[in-house]
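Next comes target-v2.txt, with compact mmCIF, C-alpha atoms.
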```txt
# COMPACT_ATOMS: atom_id res chain seq x y z
CA MET W 131 9.30 -79.50 0.61
CA SER W 132 8.78 -80.26 -3.10
CA ALA W 133 8.25 -83.80 -4.39
CA VAL W 134 11.62 -83.66 -6.17
CA ALA W 135 13.44 -82.51 -3.04
CA ASP W 136 11.79 -85.27 -1.02
CA ARG W 137 12.99 -87.91 -3.50
CA GLU W 138 16.54 -86.63 -3.09
CA LYS W 139 16.51 -86.82 0.70
CA VAL W 140 18.33 -89.47 2.77
CA THR W 141 15.93 -90.82 5.39
CA PHE W 142 17.25 -92.69 8.43
CA SER W 143 15.45 -96.03 8.94
CA GLU W 144 15.13 -96.65 12.64
CA ILE W 145 13.33 -99.97 12.15
CA ASP W 146 15.95 -101.43 9.78
CA SER W 147 18.78 -100.09 11.91
CA ARG W 148 17.44 -101.73 15.04
CA ARG W 149 16.77 -105.01 13.23
CA PHE W 150 20.15 -105.39 11.50
CA GLY W 151 22.36 -103.69 14.09
CA VAL W 152 23.81 -101.12 11.66
CA ARG W 153 22.80 -97.59 10.72
CA VAL W 154 20.51 -97.89 7.68
CA ALA W 155 19.11 -95.10 5.51
CA ARG W 156 16.91 -94.96 2.41
CA ALA W 157 16.84 -92.65 -0.61
CA HIS W 158 15.58 -92.19 -4.15
CA VAL W 159 18.44 -91.26 -6.44
CA VAL W 160 18.66 -88.60 -9.13
CA CYS W 161 22.06 -88.73 -10.85
CA ASP W 162 23.23 -85.17 -10.29
CA ARG W 163 22.27 -85.36 -6.61
CA LEU W 164 24.18 -88.57 -5.87
CA PRO W 165 27.30 -86.76 -4.49
CA ASN W 166 25.06 -84.87 -2.05
CA LEU W 167 23.42 -88.12 -0.93
CA LEU W 168 26.79 -89.73 -0.31
CA ASP W 169 27.95 -86.68 1.65
CA SER W 170 24.78 -86.85 3.75
CA CYS W 171 25.42 -90.52 4.51
CA ALA W 172 28.96 -89.71 5.63
CA ALA W 173 27.72 -86.89 7.84
CA GLU W 174 25.07 -89.14 9.43
CA ARG W 175 27.51 -92.08 9.81
CA ILE W 176 25.30 -94.37 7.73
CA ASP W 177 26.52 -97.96 7.35
CA LEU W 178 24.05 -99.10 4.67
CA LEU W 179 22.12 -97.02 2.15
CA VAL W 180 19.12 -98.63 0.43
CA ALA W 181 18.64 -96.57 -2.73
CA ARG W 182 16.08 -96.80 -5.51
CA CYS W 183 15.94 -95.22 -8.95
CA ASN W 184 13.49 -95.47 -11.81
CA THR W 185 14.52 -98.15 -14.30
CA THR W 186 14.24 -95.55 -17.05
CA ASN W 187 16.98 -93.53 -15.33
CA LEU W 188 19.97 -95.55 -16.51
CA GLU W 189 22.28 -92.61 -15.84
CA ALA W 190 21.47 -92.79 -12.15
CA ALA W 191 21.78 -96.59 -12.08
CA GLN W 192 25.18 -96.49 -13.76
CA ALA W 193 26.36 -93.69 -11.47
CA MET W 194 25.46 -95.81 -8.45
CA GLU W 195 27.29 -98.82 -9.88
CA SER W 196 30.37 -96.64 -10.40
CA ASN W 197 30.19 -95.65 -6.73
CA GLY W 198 30.08 -99.16 -5.32
CA PHE W 199 26.31 -99.75 -5.15
CA LEU W 200 25.13 -103.31 -5.83
CA LEU W 201 21.80 -104.17 -7.48
CA MET W 202 19.54 -106.15 -5.14
CA ASP W 203 16.19 -106.30 -6.91
CA THR W 204 13.87 -104.79 -9.50
CA LEU W 205 10.51 -103.66 -8.17
CA LEU W 206 7.68 -103.74 -10.72
CA TYR W 207 4.48 -101.74 -10.12
CA TYR W 208 1.05 -102.56 -11.51
CA SER W 209 -1.98 -100.26 -11.60
CA PHE W 210 -5.75 -100.73 -11.82
CA ASP W 211 -7.71 -97.79 -13.24
CA LEU W 212 -10.90 -97.62 -11.18
CA THR W 213 -12.38 -94.90 -13.41
CA ARG W 214 -12.58 -97.06 -16.53
CA LYS W 215 -12.46 -100.69 -15.42
CA SER W 216 -15.03 -102.88 -13.73
CA ILE W 217 -13.96 -104.85 -10.68
CA PRO W 218 -14.39 -108.58 -11.43
CA GLU W 219 -16.53 -110.88 -9.35
CA ALA W 220 -14.82 -112.98 -6.69
CA GLY W 221 -14.60 -116.68 -7.52
CA SER W 222 -13.62 -118.12 -4.11
CA ASP W 223 -15.82 -119.54 -1.37
CA GLY W 224 -13.91 -117.57 1.24
CA ARG W 225 -14.89 -114.19 2.58
CA VAL W 226 -12.94 -111.00 3.28
CA ARG W 227 -13.55 -108.72 6.24
CA PRO W 228 -11.74 -105.86 8.01
CA LEU W 229 -9.23 -106.51 10.78
CA GLN W 230 -10.77 -107.43 14.13
CA PRO W 231 -9.41 -108.13 17.63
CA GLY W 232 -7.41 -111.36 17.73
CA ASP W 233 -6.14 -111.09 14.16
CA GLU W 234 -2.92 -109.48 15.37
CA VAL W 235 -1.82 -112.98 16.45
CA GLU W 236 -2.63 -114.87 13.24
CA ILE W 237 -1.53 -112.28 10.70
CA PRO W 238 2.16 -112.11 11.74
CA ARG W 239 2.23 -115.92 11.83
CA ILE W 240 0.94 -116.10 8.25
CA ALA W 241 3.45 -113.46 7.13
CA SER W 242 6.33 -115.44 8.66
CA ALA W 243 5.29 -118.63 6.89
CA ALA W 244 4.50 -117.02 3.54
CA PHE W 245 7.66 -114.90 3.27
CA GLN W 246 10.25 -117.28 4.68
CA GLY W 247 13.23 -117.07 2.33
CA TYR W 248 11.40 -114.73 -0.06
CA MET W 249 13.98 -113.08 -2.33
CA GLY W 250 13.44 -109.37 -1.74
CA HIS W 251 16.25 -106.85 -1.51
CA TYR W 252 16.96 -107.81 2.12
CA HIS W 253 17.52 -111.49 1.31
CA ALA W 254 19.58 -110.60 -1.77
CA ASP W 255 22.22 -108.91 0.39
CA PRO W 256 24.65 -111.56 1.71
CA ARG W 257 25.75 -109.25 4.52
CA LEU W 258 22.32 -109.25 6.17
CA ASP W 259 21.24 -112.01 8.55
CA LEU W 260 18.64 -114.22 6.84
CA ARG W 261 16.66 -114.71 10.03
CA GLU W 262 16.34 -110.97 10.44
CA CYS W 263 15.37 -110.65 6.77
CA ASP W 264 12.48 -113.05 7.38
CA GLU W 265 11.59 -111.12 10.53
CA ALA W 266 11.15 -107.92 8.49
CA TYR W 267 7.94 -109.23 6.93
CA ARG W 268 6.52 -110.57 10.20
CA SER W 269 7.25 -107.24 11.90
CA TRP W 270 5.68 -105.30 9.01
CA ALA W 271 2.51 -107.39 9.28
CA GLU W 272 2.39 -106.92 13.04
CA ARG W 273 2.79 -103.15 12.80
CA SER W 274 0.07 -103.02 10.16
CA CYS W 275 -2.33 -104.43 12.76
CA THR W 276 -1.38 -101.98 15.49
CA THR W 277 -0.62 -98.59 13.92
CA ARG W 278 -2.06 -96.44 11.13
CA GLU W 279 1.50 -95.41 10.32
CA ALA W 280 1.98 -98.83 8.70
CA ALA W 281 -1.40 -99.23 6.97
CA ASP W 282 -4.76 -97.49 6.66
CA GLN W 283 -6.65 -100.75 6.29
CA VAL W 284 -6.02 -104.45 6.84
CA LEU W 285 -8.28 -106.92 5.06
CA VAL W 286 -8.50 -110.50 6.32
CA ALA W 287 -9.54 -113.54 4.26
CA GLU W 288 -11.34 -116.35 6.04
CA VAL W 289 -12.06 -119.92 4.92
CA GLY W 290 -14.27 -122.02 7.17
CA GLY W 291 -13.97 -119.43 9.92
CA LYS W 292 -10.16 -119.62 9.91
CA VAL W 293 -7.83 -116.79 8.88
CA ALA W 294 -6.31 -117.81 5.55
CA GLY W 295 -4.60 -114.62 4.38
CA PHE W 296 -4.48 -110.85 4.59
CA GLY W 297 -3.72 -107.68 2.66
CA THR W 298 -2.67 -104.24 3.88
CA LEU W 299 -3.59 -100.98 2.16
CA ARG W 300 -2.49 -97.35 2.33
CA LEU W 301 -4.08 -94.19 0.99
CA ASN W 302 -1.20 -92.46 -0.80
CA SER W 303 -3.52 -89.62 -1.81
CA PRO W 304 -7.27 -89.06 -2.27
CA ASP W 305 -6.84 -90.52 -5.77
CA GLU W 306 -4.53 -93.48 -5.07
CA VAL W 307 -4.51 -96.55 -2.84
CA GLU W 308 -1.42 -98.74 -2.60
CA GLY W 309 -1.48 -102.43 -1.78
CA LEU W 310 1.47 -102.93 0.54
CA LEU W 311 1.72 -106.45 1.96
CA PHE W 312 -0.29 -109.51 0.95
CA ALA W 313 0.16 -113.05 2.20
CA VAL W 314 -1.71 -116.34 2.12
CA ALA W 315 -1.11 -119.14 4.62
CA PRO W 316 0.78 -122.04 2.97
CA GLU W 317 -2.07 -124.45 3.66
CA SER W 318 -4.54 -122.10 1.93
CA GLN W 319 -2.54 -121.32 -1.20
CA ALA W 320 -3.83 -122.24 -4.69
CA LYS W 321 -7.41 -121.91 -3.42
CA GLY W 322 -8.26 -118.52 -4.88
CA ILE W 323 -7.50 -116.54 -1.72
CA CYS W 324 -5.07 -114.13 -3.37
CA PRO W 325 -7.53 -113.02 -6.10
CA LEU W 326 -10.22 -112.76 -3.43
CA LEU W 327 -8.05 -110.36 -1.41
CA MET W 328 -7.13 -108.32 -4.49
CA ILE W 329 -10.76 -107.90 -5.53
CA ALA W 330 -11.75 -106.88 -2.00
CA SER W 331 -8.88 -104.38 -2.01
CA LEU W 332 -10.15 -102.85 -5.25
CA GLN W 333 -13.63 -102.58 -3.77
CA TRP W 334 -12.26 -100.87 -0.66
CA SER W 335 -10.25 -98.50 -2.85
CA ARG W 336 -13.35 -97.56 -4.84
CA ASN W 337 -15.28 -97.00 -1.62
CA GLN W 338 -12.61 -94.49 -0.55
CA GLY W 339 -13.19 -92.55 -3.78
CA ALA W 340 -9.77 -93.47 -5.22
CA LYS W 341 -9.21 -93.40 -8.97
CA ARG W 342 -6.60 -96.14 -9.02
CA MET W 343 -4.94 -98.85 -6.97
CA ILE W 344 -1.26 -99.70 -7.34
CA ILE W 345 0.75 -102.65 -6.08
CA SER W 346 4.31 -103.88 -6.54
CA THR W 347 6.46 -106.99 -6.39
CA GLN W 348 9.87 -108.19 -7.49
CA VAL W 349 10.12 -108.68 -11.26
CA THR W 350 10.94 -112.36 -10.62
CA ASN W 351 7.60 -112.98 -8.86
CA VAL W 352 5.85 -114.00 -12.08
CA SER W 353 3.07 -116.08 -10.48
CA MET W 354 1.74 -113.08 -8.57
CA GLN W 355 1.90 -110.86 -11.65
CA LYS W 356 -0.21 -113.40 -13.55
CA VAL W 357 -2.89 -113.14 -10.86
CA TRP W 358 -2.90 -109.36 -11.09
CA CYS W 359 -3.13 -109.39 -14.90
CA ARG W 360 -6.10 -111.77 -14.82
CA ILE W 361 -7.90 -109.37 -12.48
CA GLY W 362 -7.19 -106.39 -14.73
CA PHE W 363 -4.07 -104.73 -13.35
CA GLU W 364 -1.57 -103.43 -15.90
CA PRO W 365 2.21 -102.84 -15.67
CA SER W 366 2.89 -99.23 -14.71
CA HIS W 367 6.50 -98.43 -13.74
CA SER W 368 9.52 -100.00 -12.06
CA TYR W 369 12.50 -99.28 -9.82
CA TYR W 370 15.94 -100.74 -9.26
CA THR W 371 16.89 -101.28 -5.61
CA PHE W 372 20.58 -100.87 -4.78
CA HIS W 373 22.52 -101.35 -1.54
CA LYS W 374 25.62 -99.33 -0.73
CA TRP W 375 27.71 -100.40 2.26
CA PHE W 376 29.91 -97.79 3.89
CA LYS W 377 30.86 -100.01 6.82
CA PRO W 378 33.64 -102.53 6.00
CA GLU W 379 32.58 -106.15 6.18
CA ASN W 380 33.65 -107.92 9.34
CA ARG W 381 35.26 -111.15 8.16
CA GLY W 382 36.14 -112.36 11.65
```
Starting from the file, lay out its structure as structure tokens.
Amino acid sequence: MSAVADREKVTFSEIDSRRFGVRVARAHVVCDRLPNLLDSCAAERIDLLVARCNTTNLEAAQAMESNGFLLMDTLLYYSFDLTRKSIPEAGSDGRVRPLQPGDEVEIPRIASAAFQGYMGHYHADPRLDLRECDEAYRSWAERSCTTREAADQVLVAEVGGKVAGFGTLRLNSPDEVEGLLFAVAPESQAKGICPLLMIASLQWSRNQGAKRMIISTQVTNVSMQKVWCRIGFEPSHSYYTFHKWFKPENRG
């Protein structure tokens, strides 16, 4: 299947469907393919479609708005060019190591604490249960520790022998590593742990032979973007995230 065809495909999300109790699918939207995507959702009895489009594709964004989609967030990607930039030195007293047995207990706990109430596209949708929205990040962290389908590498930051944070990484291609999920325990924040994890992630990416590392966050998460810019990441591209409900809201 071509890259374009794959972007136009509706993919059923078993994890989201089980979590929220409705049939959830995901898709990337190209304007002239939107009618086909909607037909596919009808055929598959989808209740909620999570759809993204490039922010440069205003035609697609406006077409989705005209068809009842609601904007939930804007996802901003940053990139670090490993072929022309030097990785900075770490400035924290902590250390970073690969995942080891026993971390699968601490890492989900840190994710739960760090992402409680975080305003991603799940939390922005008033029809989704907030407790289950929080659970999405804990579950993601847990799966990253137990299956390569979720992450190719998990890096763990320690301070004084105690797990203080983590980062998960995926090889998108031989040339590109993506930083997926990063979290620092509330008691360890503002101590340089986040930059420490980012620098270790860049080093791991270079060791894999990658030419670049990318990472993303909501456009409103300015504090994290400042950290990335200080390390040497640069803005790359961005996506709108829309939700389209096909199932009527149950108002009791």
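Comparing the minimum interatomic distances between W:Ala155 and each of W:Phe372, W:Pro378, W:Thr277, W:Glu317, counting all atoms listed in the file, we find that W:Phe372 sits nearest.
For the pair atom CA of W:Thr141 and atom CA of W:Ala244, the separation is 28.6 Å.
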For a test of reading the model, state the distance in Å between atom CA of W:Arg175 and atom CA of W:Val159, rounded to one decimal. 18.6 Å
If we count all atoms listed in the file, what is near W:Gly232 at a cut-off of 12 Å, once residues fewer than 5 positions away on the same chain are taken out, given as a ChimeraX atom specification? /W:237-238,272,275-276,286,292-293
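Residues in contact with W:Glu279 at 12 Å, where only C-alpha atoms are counted and same-chain residues fewer than 5 positions away are skipped, are listed as W:Trp270, W:Glu272, W:Arg273, W:Ser274, W:Thr298, W:Leu299, W:Arg300, W:Leu301, W:Asn302.
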From the options W:Arg261, W:Arg225, W:Arg182, W:His253, which residue's atoms come nearest to W:Leu164, counting only C-alpha atoms? W:Arg182
Minimum-distance residue to W:Ala190, chosen among W:Asp259, W:Tyr369, W:Cys324, W:Ser353 (using all atoms listed in the file): W:Tyr369
Considering all atoms listed in the file, can you say which of W:Leu212, W:Leu205, W:Cys171, W:Leu327 comes closest to W:Phe312?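 Nearest candidate to W:Phe312 out of W:Leu212, W:Leu205, W:Cys171, W:Leu327: W:Leu327.
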Smallest atom-to-atom distance to W:Ala193: which of W:Cys263, W:Val180, W:Met249, W:Val160, using all atoms listed in the file? W:Val160
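Atom CA of W:Arg153 lies 9.3 Å from atom CA of W:Lys377.
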Nearest-residue call for W:Ser216, choices W:Leu326, W:Ala172, W:Cys161, W:Leu332, using all atoms listed in the file: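 Answer, going by the shortest atom-to-atom distance: W:Leu332.
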In file coordinates, which residues lie within 12 Å of (-2.1, -95.3, 1.6) using all atoms listed in the file, given as a VMD selection string? chain W and resid 274 278 to 284 298 to 311 331 334 to 335 338 340 342 to 345
